[in-house]
Every structure is written in C-alpha cells, then in structure tokens.
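Okay, structure first, notes after.
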Amino acid sequence: MATSCIFDSMPERSIFLPAPSHAKAVLPIGLIAISFASILIKICDAPPLIIAAYRLGLATLVLLLFTFPRTLREFRQLGRKEIFASVLAGVFLCFHFALWITSLKYTSVASSVIFVTTNPIFVALASTFFLREKISLTLLLSILLAVLGGMIIAWGDWDKGQGNLYGDFLALLGAIMATGYLLMGRRVRRNMGLISYITLVYGVAAILLILLALMSRESFFQYSPKTYLIFFLLALVPQLIGHTSLNWALKFFSATLVAVFILGEPIGATILAYILLEEPLTPKLLFGGTLVLLGIYFSAREERKLEKL
C-alpha cells in the first residue's frame with residue numbers, strides 16, 4: 001500500500017530525460033564491471049552473507065569518506081517520499097545480494113548469473129503498471145527471447161543435480177529482488193542526486209546484511225589477506241563502478257532497458273569463468289547465451305525508437 005502511494009503521488013513521465021552524449025558509454029562500462037562480481041565471489045572463501053555485507057559496507061564507507069559534505073547537503077533537501085523509496089530500494093538490494101551470492105555456492109557462475117538477470121520480464125510488467133512506461137510488443141518479445149535463453153541454460157543444469165537447481169532457484173528470487181531495486185531507482189533518480197541516492201541505498205543494504213550475518217552467527221574476521229582483498233575489489237569494481245553506473249543510467253533510460261542490458265552480464269561472466277575458473281562452455285549454454293544477446297540487441301534497438309517518438 002505504501003509503495004503504491006509513492007508511485008501514485010509522483011508525476012507521470014512516459015518520456016526520457018535528455019541523455020548526455022556519453023550516456024550510452026556508461027551502460028557498457030557498468031556491464032563490464034558487474035561481470036567480475038561472480039568470479040570474485042566464486043573464489044572467495046567467506047560465507048555468502050559476509051561477502052555481501054563487506055561488499056556493501058566497504059562501498060558505503062568509501063562513499064562517505066569522499067563525498068560526506070556533499071551527501072549531507074543533499075540529504076537535507078530530501079523529502080519523506082524520496083527517503084522512503086531509497087530505503088525500500090536498499091531493502092531490495094540487500095535481499096538481492098543475499099540470495100544471489102548464496103546461489104553461487106550451489107550452481108555454476110553461468111547459470112546463476114543467467115537466472116539473476118532474468119528480471120527484465122518482471123521489470124517490464126511492473127513498469128507498465130506502476131511507472132506507466134510504455135512497453136511495446138517488440139520490446140516484450142525481445143525480453144521473452146532473452147528469458148528463453150536463460151531457460152535453456154537452466155535445462156542444461158537439470159542433469160547436474162538438485163544442488164544446482166536450488167542455486168538456480170535462489171538466483172531467480174534474487175532477480176525478483178533486483179526488480180524492486182531497479183524500479184525504485186528509476187522513480188527516485190528522476191528527482192534525486194546520484195551520490196545521495198547510492199549512499200542511502202548502499203548504506204541501508206549494508207546495515208541489513210550485517211544484521212543478517214550477525215543473526216546467522218557468521219564471523220567477520222579471521223580471513224586470509226586474499227579474502228579481504230576480494231572484499232575490497234567487490235566493493236570497488238562491481239559495486240562502486242558497476243552498480244553506480246546502472247543507477248546513473250536510470251535517470252536517462254527506462255528501468256526495462258537497464259534491466260535488459262544487464263542480461264549481457266552472463267556473457268561476460270561466462271567468458272571470465274571459462275578463462276579463470278575453467279568452467280565448461282556447453283552447447284545449451286552457448287545457444288542460450290546467443291538468445292540472450294539477441295534479446296538485448298532487439299530491446300536496445302526498440303528503446304532507441306521509443307526515444308525518438
């Protein structure tokens with residue numbers, strides 16, 4: 001009910017804000033950055049909740065160290081609706097990471113990342129009902145094509161045991177949480193500065209993940225120097241560069257396009273996993289990945305057409 005009131009009280013906008021000339025370069029940069037996340041998590045020997053808590057906690061700490069005066073000024077100008085929506089986005093982000101990072105302990109990098117990036121179908125539906133953004137038939141078919149690719153990859157995991165399927169299911173739940181995160185970001189970022197938004201969202205997610213880790217009685221210490229280095233790299237590359245790029249893009253592009261673009265992450269992550277972790281490239285994985293790429297291509301092309309209308 002509260003979420004519905006937020007959406008209803010905000011001005012409707014079916015058009016995009018004018019994007020700066022370098023806007024189209026930001027999404028690829030963010031995509032490359034987030035593609036490293038699953039590899040770093042896979043080689044990290046800490047529990048999932050600890051990994052997630054360190055990732056968001058260190059990212060928030062870096063933001064506060066370098067942008068605290070500006071962030072404080074922006075916070076003072078925020079209304080209750082912006083604060084509530086940002087906090088809700090942080091809650092979604094918390095459970096997105098808790099579910100997805102746990103999934104990587106059960107299934108392959110390729111399968112986990114494919115499933116966690118199936119959220120465009122959920123984003124498209126929610127954008128239509130809540131954000132009132134137009135979803136054309138071509139865009140919807142492109143999304144379904146990409147999701148079909150993810151289903152084919154899951155089919156390849158069927159014979160690998162229930163552990164893999166459980167990991168796939170956790171990643172799918174993580175995709176649903178990512179949907180809420182992107183939708184709230186799309187709405188709030190229209191009228192809210194990037195630094196104040198990501199500091200609040202990452203901070204809320206970090207606090208919740210720390211509490212979840214404490215409730216699970218997981219240790220925050222006694223890890224190897226390599227593990228702490230991975231924590232820092234996760235905070236710096238996939239989070240501060242990757243997720244921040246996506247949140248920046250939400251001011252200029254629809255939540256659906258950003259979500260569909262993220263579907264390219266499995267391709268980058270799969271290639272990195274093949275090179276660094278020697279995870280095999282199966283025929284189903286290659287075929288499903290091709291469909292995902294085609295879905296991204298057609299979605300991006302359709303979005304460009306909508307921008308010109």
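Note on naming: chains are A, B, ... as they come in the structure tokens, residues start from 1 per chain, ligands start from 1 in the order shown.
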
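Within 8 Å of segment 228-242 of chain A, once only C-alpha atoms are used and residues closer than 3 positions along the same chain are dropped, the contacting residues are Ile29, Gly30, Leu31, Ile32, Ala33, Ile34, Ser35, Phe36, Ala37, Leu40, Ile41, Cys44, Ile51, Tyr54, Arg55, Leu56, Gly57, Leu58, Ala59, Tyr223, Ser224, Pro225, Ser245 and Leu246 of chain A.
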
Worksheet item: Leaving out Lys42 of chain A and any residue of its chain fewer than 5 positions from it, which residues lie within 9 Å of it when counting only C-alpha atoms, given as a PyMOL selection string?
Response: chain A and resi 37+101+104-105+108-109+277

Response to the item:
Judged by only C-alpha atoms, the minimum distance to Arg73 of chain A among A:Thr256, A:Ile207, A:Ile195, A:Ile135 is found for A:Ile195

Discussion item. If we count only C-alpha atoms and set the cut-off at 7 Å, which residues sit around segment 248-251 of chain A, ignoring sequence neighbours fewer than 3 positions away in its own chain? Please answer as a ChimeraX atom specification.
Written reply: /A:17,27,185-186,189-190,194,244-245,254-255

Discussion item. Counting only C-alpha atoms, which residue out of A:Ile121, A:Ala52, A:Leu64, A:Val260 sits closest to Ile176 of chain A?
Written reply: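 Residue with the minimum atom-to-atom distance to Ile176 of chain A: A:Ile121.
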
Fill in: Straight-line distance linking atom CA of Met192 of chain A with atom CA of Val116 of chain A, stated in Å to one decimal
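The value is 26.8 Å.
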
Response to the item:
Using only C-alpha atoms, the shortest atom-to-atom distance to Leu144 of chain A among A:Val292, A:Tyr297, A:Glu265, A:Ser86 belongs to A:Val292

Worksheet entry | Among the residues A:Ala146, A:Ala178, A:Ile210, A:Cys94, the one that comes closest to Phe261 of chain A [using only C-alpha atoms] |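 Closest to Phe261 of chain A of all the choices is A:Ala146.
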
Discussion item. List as a ChimeraX atom specification the protein and nucleic acid residues near Ile114 of chain A, meaning an atom at most 10 Å away when only C-alpha atoms are counted, but skip any in the same chain fewer than 5 places from it.
Written reply: /A:108-109,119,146-147,149-151,153-154,168,171-172,175,262-267,269-270,285,288-289,292

Fill in: All residues 6 Å or closer to Phe298 of chain A, only C-alpha atoms, same chain fewer than 3 positions away omitted, as a ChimeraX atom specification
/A:142,295,301

Got time to write the residues from that selection, N, CA and C atoms, as a PDB file, in the first residue's frame?
```pdb
ATOM      1  N   SER A 142      11.284  -9.244 -27.276  1.00  0.00           N
ATOM      2  CA  SER A 142      12.736  -9.284 -27.102  1.00  0.00           C
ATOM      3  C   SER A 142      13.093  -9.779 -25.708  1.00  0.00           C
ATOM      4  N   GLY A 295      18.202 -10.908 -27.553  1.00  0.00           N
ATOM      5  CA  GLY A 295      17.176 -10.179 -26.806  1.00  0.00           C
ATOM      6  C   GLY A 295      17.648  -8.798 -26.411  1.00  0.00           C
ATOM      7  N   ARG A 301      17.486  -1.677 -29.527  1.00  0.00           N
ATOM      8  CA  ARG A 301      17.053  -1.029 -30.763  1.00  0.00           C
ATOM      9  C   ARG A 301      15.643  -0.480 -30.622  1.00  0.00           C
TER      10      ARG A 301
END
```

Practice prompt. Just give me the gap between atom CA of Ala98 of chain A and atom CA of Leu208 of chain A in Å, one decimal is fine.
Written response: 10.1 Å

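Here the question is which of A:Ala205, A:Leu63, A:Leu148, A:Leu165 gets nearest to Ala89 of chain A using only C-alpha atoms, and that residue is A:Ala205.
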
Fill in: Nearest-residue call for Phe95 of chain A, choices A:Phe75, A:Phe115, A:Tyr181, A:Tyr274, using only C-alpha atoms
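Smallest separation from Phe95 of chain A among the options: A:Tyr181.
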
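Distance-wise, atom CA of Leu141 of chain A and atom CA of Ser299 of chain A end up 8.7 Å apart.
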